[in-house]
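Shown next, in structure tokens, is the structure this report addresses.
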Amino acid sequence: MTTEPVAAGGDPRRLLSDIRSLAHQVRLDQRMTWVALLVLGAVTLAGIPFDWLAMTVRCHPDTSCEFARRGVLFYWPSALLLAYTAIAVCYSRAARSRGLGARTLPYAIVGAATTVVFTAAWVAAALYFPHHPLPYQPLPYWWLVLDRLVSPWGMIGIALVVLARIERNIGLLLFTLAYLALVLLVLPTNEGWGLAGWGIQARFAAPQVVIGALLLLGAAGFFSAARRRQR
């Protein structure tokens, strides 16, 4: 970027066009989309061992099994708060290095708020459902979608929507909508998914691998786009 004045030749329309062009370039220079996706993808994959090792499974003689995903509550609240803090710091440093201001506070606030919502929902479910029957058998589809929404992976999508709004990034918005469609409507993150013969831990790890890989692929794509734009 340059701080030298640009002659507009006395034409107000050209001056307005130059100002808009400069504002657009500033927004592009402030984007660190790939950093956010990289951090969130790494956090997702790093959470798999916690979910796997801390999951308690109790199977009955009739082959039915009960499980509790304690690792999700042990790992994700602190991991998400650290992730959003790291993302905000990276955005602020990148902005200061370019002599720009950073608008990361709304994203950090939403990230913290969604983490609180997820934690409260999972703690409430862990305390309530062991002593109360489920309201519907089988559970309706909307219930499963709501359960996926308040999961860590659903909350990541909500925070990414806010980041897309802050960055005015249509590409990130489209990516996030596809991500949310996958997390809420396709991947059974609250039921598990995998091949026949897989254990419960492996079946719950499989959707997390897909989600983490998608976030990392998104990070690689936005990083490549940023490099091409700087050339």
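Every chain in the structure tokens has a letter given in the order shown (A, B, ...), and although residue numbers restart at 1 in each chain, ligands are simply numbered from 1 in the order shown.
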Check your understanding: Tell me, which residues of range 125-190 of chain A carry DSSP helix (DSSP H, G or I), written as a PyMOL selection string?
Key -> chain A and resi 125-131+141-149+152-167+170-186
**Study point:** Residues near range 161-163 of chain A, cut-off 9 Å, only C-alpha atoms, skip fewer than 5 positions along chain, as a PyMOL selection string
**Key:** chain A and resi 33+104+106-107+110+156+168-169+172-173+176-177
Practice item. Tell me, as a list in words, which residues lie within 7 Å of range 146-149 of chain A, counting only C-alpha atoms; anything in the same chain fewer than 3 positions away does not count. Key: Trp142, Trp143, Gly154, Met155, Leu184, Thr189 and Asn190 of chain A
Selection file, C-alpha atoms, as a PDB file, in the first residue's frame:
```pdb
ATOM      1  CA  TRP A 142     -34.797 -31.479  13.758  1.00  0.00           C
ATOM      2  CA  TRP A 143     -33.652 -32.583  17.222  1.00  0.00           C
ATOM      3  CA  GLY A 154     -21.543 -26.297  14.693  1.00  0.00           C
ATOM      4  CA  MET A 155     -20.419 -23.368  16.852  1.00  0.00           C
ATOM      5  CA  LEU A 184     -25.633 -30.129  10.329  1.00  0.00           C
ATOM      6  CA  THR A 189     -21.363 -36.016  14.542  1.00  0.00           C
ATOM      7  CA  ASN A 190     -23.735 -36.891  17.385  1.00  0.00           C
TER       8      ASN A 190
END
```
Point to revise | Contacts of Gln201 in chain A at 9 Å (only C-alpha atoms; same-chain gap of 4+ positions) as JSON, numbers by chain | key: {"A": [51, 52, 53, 55, 57, 192, 205, 206]}
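Each of A:Leu105, A:Leu73, A:Leu45, A:Val89 was compared to Leu214 in chain A using only C-alpha atoms, and A:Leu45 turns out to be the nearest.
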Practice item. Would you mind listing what lies within 12 Å of Ala181 in chain A as an MDAnalysis selection string, with only C-alpha atoms counted and same-chain residues fewer than 2 positions away left out? Key: chainID A and resid 145 148:149 153:154 157:158 174:179 183:188 211
Would you mind exporting the chosen residues as a short mmCIF file (atom, residue, chain, number, x, y, z; two decimals), in the first residue's frame, restricted to all heavy atoms?
```cif
data_model
loop_
_atom_site.label_atom_id
_atom_site.label_comp_id
_atom_site.auth_asym_id
_atom_site.auth_seq_id
_atom_site.Cartn_x
_atom_site.Cartn_y
_atom_site.Cartn_z
N VAL A 145 -30.44 -32.23 14.29
CA VAL A 145 -29.79 -31.05 13.69
C VAL A 145 -29.47 -30.02 14.77
O VAL A 145 -28.38 -29.43 14.78
CB VAL A 145 -30.68 -30.44 12.60
CG1 VAL A 145 -30.10 -29.11 12.11
CG2 VAL A 145 -30.82 -31.41 11.43
N ARG A 148 -26.49 -31.11 16.69
CA ARG A 148 -25.25 -30.88 15.94
C ARG A 148 -24.88 -29.40 15.93
O ARG A 148 -23.70 -29.06 15.92
CB ARG A 148 -25.41 -31.39 14.51
CG ARG A 148 -25.58 -32.90 14.41
CD ARG A 148 -26.00 -33.34 13.02
NE ARG A 148 -26.38 -34.75 13.02
CZ ARG A 148 -26.94 -35.37 11.99
NH1 ARG A 148 -27.18 -34.69 10.87
NH2 ARG A 148 -27.25 -36.65 12.07
N LEU A 149 -25.89 -28.54 15.93
CA LEU A 149 -25.61 -27.10 15.91
C LEU A 149 -24.90 -26.65 17.18
O LEU A 149 -24.00 -25.81 17.13
CB LEU A 149 -26.92 -26.32 15.74
CG LEU A 149 -26.79 -24.79 15.73
CD1 LEU A 149 -25.92 -24.33 14.56
CD2 LEU A 149 -28.16 -24.13 15.67
N TRP A 153 -18.36 -28.22 16.59
CA TRP A 153 -18.19 -28.05 15.15
C TRP A 153 -19.29 -27.15 14.58
O TRP A 153 -19.03 -26.37 13.66
CB TRP A 153 -18.21 -29.42 14.50
CG TRP A 153 -17.31 -30.35 15.25
CD1 TRP A 153 -15.95 -30.43 15.13
CD2 TRP A 153 -17.68 -31.28 16.27
NE1 TRP A 153 -15.46 -31.36 16.01
CE2 TRP A 153 -16.49 -31.90 16.73
CE3 TRP A 153 -18.89 -31.65 16.85
CZ2 TRP A 153 -16.49 -32.87 17.73
CZ3 TRP A 153 -18.89 -32.62 17.84
CH2 TRP A 153 -17.71 -33.22 18.28
N GLY A 154 -20.49 -27.22 15.12
CA GLY A 154 -21.54 -26.30 14.69
C GLY A 154 -21.25 -24.88 15.12
O GLY A 154 -21.45 -23.92 14.37
N GLY A 157 -18.87 -23.05 12.90
CA GLY A 157 -19.52 -22.51 11.71
C GLY A 157 -20.21 -21.19 11.98
O GLY A 157 -20.13 -20.26 11.16
N ILE A 158 -20.88 -21.07 13.12
CA ILE A 158 -21.55 -19.81 13.46
C ILE A 158 -20.53 -18.68 13.57
O ILE A 158 -20.74 -17.56 13.06
CB ILE A 158 -22.34 -19.96 14.77
CG1 ILE A 158 -23.43 -21.03 14.63
CG2 ILE A 158 -22.95 -18.62 15.18
CD1 ILE A 158 -24.43 -20.76 13.56
N LEU A 174 -19.52 -18.45 1.49
CA LEU A 174 -19.93 -19.63 0.73
C LEU A 174 -19.29 -20.89 1.31
O LEU A 174 -19.94 -21.94 1.43
CB LEU A 174 -19.55 -19.45 -0.74
CG LEU A 174 -20.28 -18.33 -1.49
CD1 LEU A 174 -19.75 -18.21 -2.91
CD2 LEU A 174 -21.78 -18.57 -1.49
N PHE A 175 -18.01 -20.78 1.66
CA PHE A 175 -17.34 -21.93 2.27
C PHE A 175 -18.02 -22.32 3.58
O PHE A 175 -18.24 -23.51 3.85
CB PHE A 175 -15.87 -21.59 2.53
CG PHE A 175 -15.12 -22.65 3.30
CD1 PHE A 175 -14.54 -23.72 2.65
CD2 PHE A 175 -15.01 -22.57 4.69
CE1 PHE A 175 -13.87 -24.71 3.36
CE2 PHE A 175 -14.34 -23.55 5.41
CZ PHE A 175 -13.77 -24.62 4.74
N THR A 176 -18.37 -21.32 4.40
CA THR A 176 -18.99 -21.60 5.70
C THR A 176 -20.37 -22.21 5.54
O THR A 176 -20.74 -23.11 6.30
CB THR A 176 -19.07 -20.31 6.53
OG1 THR A 176 -17.76 -19.75 6.65
CG2 THR A 176 -19.62 -20.59 7.91
N LEU A 177 -21.15 -21.74 4.57
CA LEU A 177 -22.46 -22.33 4.35
C LEU A 177 -22.34 -23.79 3.93
O LEU A 177 -23.13 -24.65 4.38
CB LEU A 177 -23.22 -21.53 3.29
CG LEU A 177 -23.62 -20.10 3.68
CD1 LEU A 177 -24.31 -19.40 2.52
CD2 LEU A 177 -24.52 -20.11 4.91
N ALA A 178 -21.37 -24.09 3.08
CA ALA A 178 -21.14 -25.48 2.70
C ALA A 178 -20.68 -26.30 3.90
O ALA A 178 -21.10 -27.45 4.10
CB ALA A 178 -20.10 -25.56 1.58
N TYR A 179 -19.83 -25.69 4.73
CA TYR A 179 -19.35 -26.36 5.94
C TYR A 179 -20.52 -26.67 6.89
O TYR A 179 -20.63 -27.78 7.41
CB TYR A 179 -18.32 -25.45 6.63
CG TYR A 179 -17.95 -25.87 8.03
CD1 TYR A 179 -16.93 -26.78 8.25
CD2 TYR A 179 -18.63 -25.36 9.15
CE1 TYR A 179 -16.58 -27.17 9.54
CE2 TYR A 179 -18.29 -25.75 10.43
CZ TYR A 179 -17.27 -26.65 10.62
OH TYR A 179 -16.94 -27.04 11.90
N VAL A 183 -21.88 -30.24 8.29
CA VAL A 183 -21.89 -30.56 9.72
C VAL A 183 -23.30 -30.82 10.23
O VAL A 183 -23.52 -31.74 11.04
CB VAL A 183 -21.23 -29.40 10.51
CG1 VAL A 183 -21.44 -29.58 12.01
CG2 VAL A 183 -19.74 -29.34 10.20
N LEU A 184 -24.28 -30.03 9.78
CA LEU A 184 -25.63 -30.13 10.33
C LEU A 184 -26.51 -31.16 9.63
O LEU A 184 -27.36 -31.78 10.27
CB LEU A 184 -26.31 -28.76 10.26
CG LEU A 184 -25.63 -27.60 10.99
CD1 LEU A 184 -26.45 -26.33 10.85
CD2 LEU A 184 -25.40 -27.95 12.45
N LEU A 185 -26.31 -31.35 8.34
CA LEU A 185 -27.25 -32.15 7.57
C LEU A 185 -26.68 -33.47 7.06
O LEU A 185 -27.45 -34.37 6.71
CB LEU A 185 -27.76 -31.34 6.36
CG LEU A 185 -28.39 -29.99 6.68
CD1 LEU A 185 -28.78 -29.27 5.39
CD2 LEU A 185 -29.59 -30.16 7.60
N VAL A 186 -25.36 -33.59 7.01
CA VAL A 186 -24.76 -34.78 6.39
C VAL A 186 -24.03 -35.63 7.41
O VAL A 186 -24.37 -36.81 7.61
CB VAL A 186 -23.81 -34.37 5.25
CG1 VAL A 186 -23.17 -35.62 4.64
CG2 VAL A 186 -24.55 -33.58 4.18
N LEU A 187 -23.03 -35.07 8.08
CA LEU A 187 -22.21 -35.86 8.99
C LEU A 187 -22.93 -36.09 10.31
O LEU A 187 -23.34 -35.13 10.97
CB LEU A 187 -20.88 -35.14 9.26
CG LEU A 187 -19.87 -35.13 8.11
CD1 LEU A 187 -18.64 -34.34 8.52
CD2 LEU A 187 -19.49 -36.54 7.69
N PRO A 188 -23.06 -37.34 10.74
CA PRO A 188 -23.71 -37.63 12.03
C PRO A 188 -22.73 -37.48 13.19
O PRO A 188 -22.31 -38.46 13.81
CB PRO A 188 -24.18 -39.08 11.86
CG PRO A 188 -23.17 -39.68 10.92
CD PRO A 188 -22.73 -38.58 10.01
N ILE A 211 -14.23 -33.18 9.18
CA ILE A 211 -14.38 -31.76 9.47
C ILE A 211 -13.03 -31.07 9.55
O ILE A 211 -12.82 -29.99 8.97
CB ILE A 211 -15.16 -31.57 10.79
CG1 ILE A 211 -16.60 -32.04 10.62
CG2 ILE A 211 -15.13 -30.10 11.23
CD1 ILE A 211 -17.38 -32.12 11.91
#
```
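Between CA of Leu215 in chain A and CA of Phe50 in chain A the interatomic distance comes to 19.1 Å.
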Review point. Can you tell me how far CA of Ala219 in chain A sits from CA of Leu182 in chain A, in Å to one decimal?
Key: 16.9 Å
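Nearest residue to Thr56 in chain A, choosing from A:Ile109, A:Val209, A:Ile170, A:Ile200 and counting only C-alpha atoms: A:Ile200.
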Practice item. Measure the distance from CA of Ala220 in chain A to CA of Ala79 in chain A in Å and round it to one decimal. Key: 21.7 Å
Review point. Leaving out Phe223 in chain A and any residue of its chain fewer than 3 positions from it, which residues lie within 9 Å of it when counting only C-alpha atoms, given as a PyMOL selection string?
Key: chain A and resi 32-35+218-220+226-228
Review point. So which residues of range 29-119 of chain A fall under strand (DSSP E or B) by DSSP, listed as a ChimeraX atom specification?
Key: /A:55-59,65-69
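Of the listed residues (A:Ala36, A:Ile166, A:Leu127, A:Val210), A:Ala36 comes nearest to Ala88 in chain A; the distances count only C-alpha atoms.
The shortest atom-to-atom distance to Val150 in chain A, with only C-alpha atoms taken into account, belongs to A:Phe118 out of A:Ala124, A:Ala164, A:Glu66, A:Phe118.
The residue set within 9 Å of Leu81 in chain A, counting only C-alpha atoms and dropping same-chain residues fewer than 4 places from it, reads A:Trp76, A:Pro77, A:Thr85, A:Ala86, A:Ala108, A:Gly111, A:Ala112, A:Thr115.
Proximity ranking of A:Gln208, A:Ser78, A:Thr119, A:Thr114 relative to Leu160 in chain A places A:Thr114 first, based on only C-alpha atoms.
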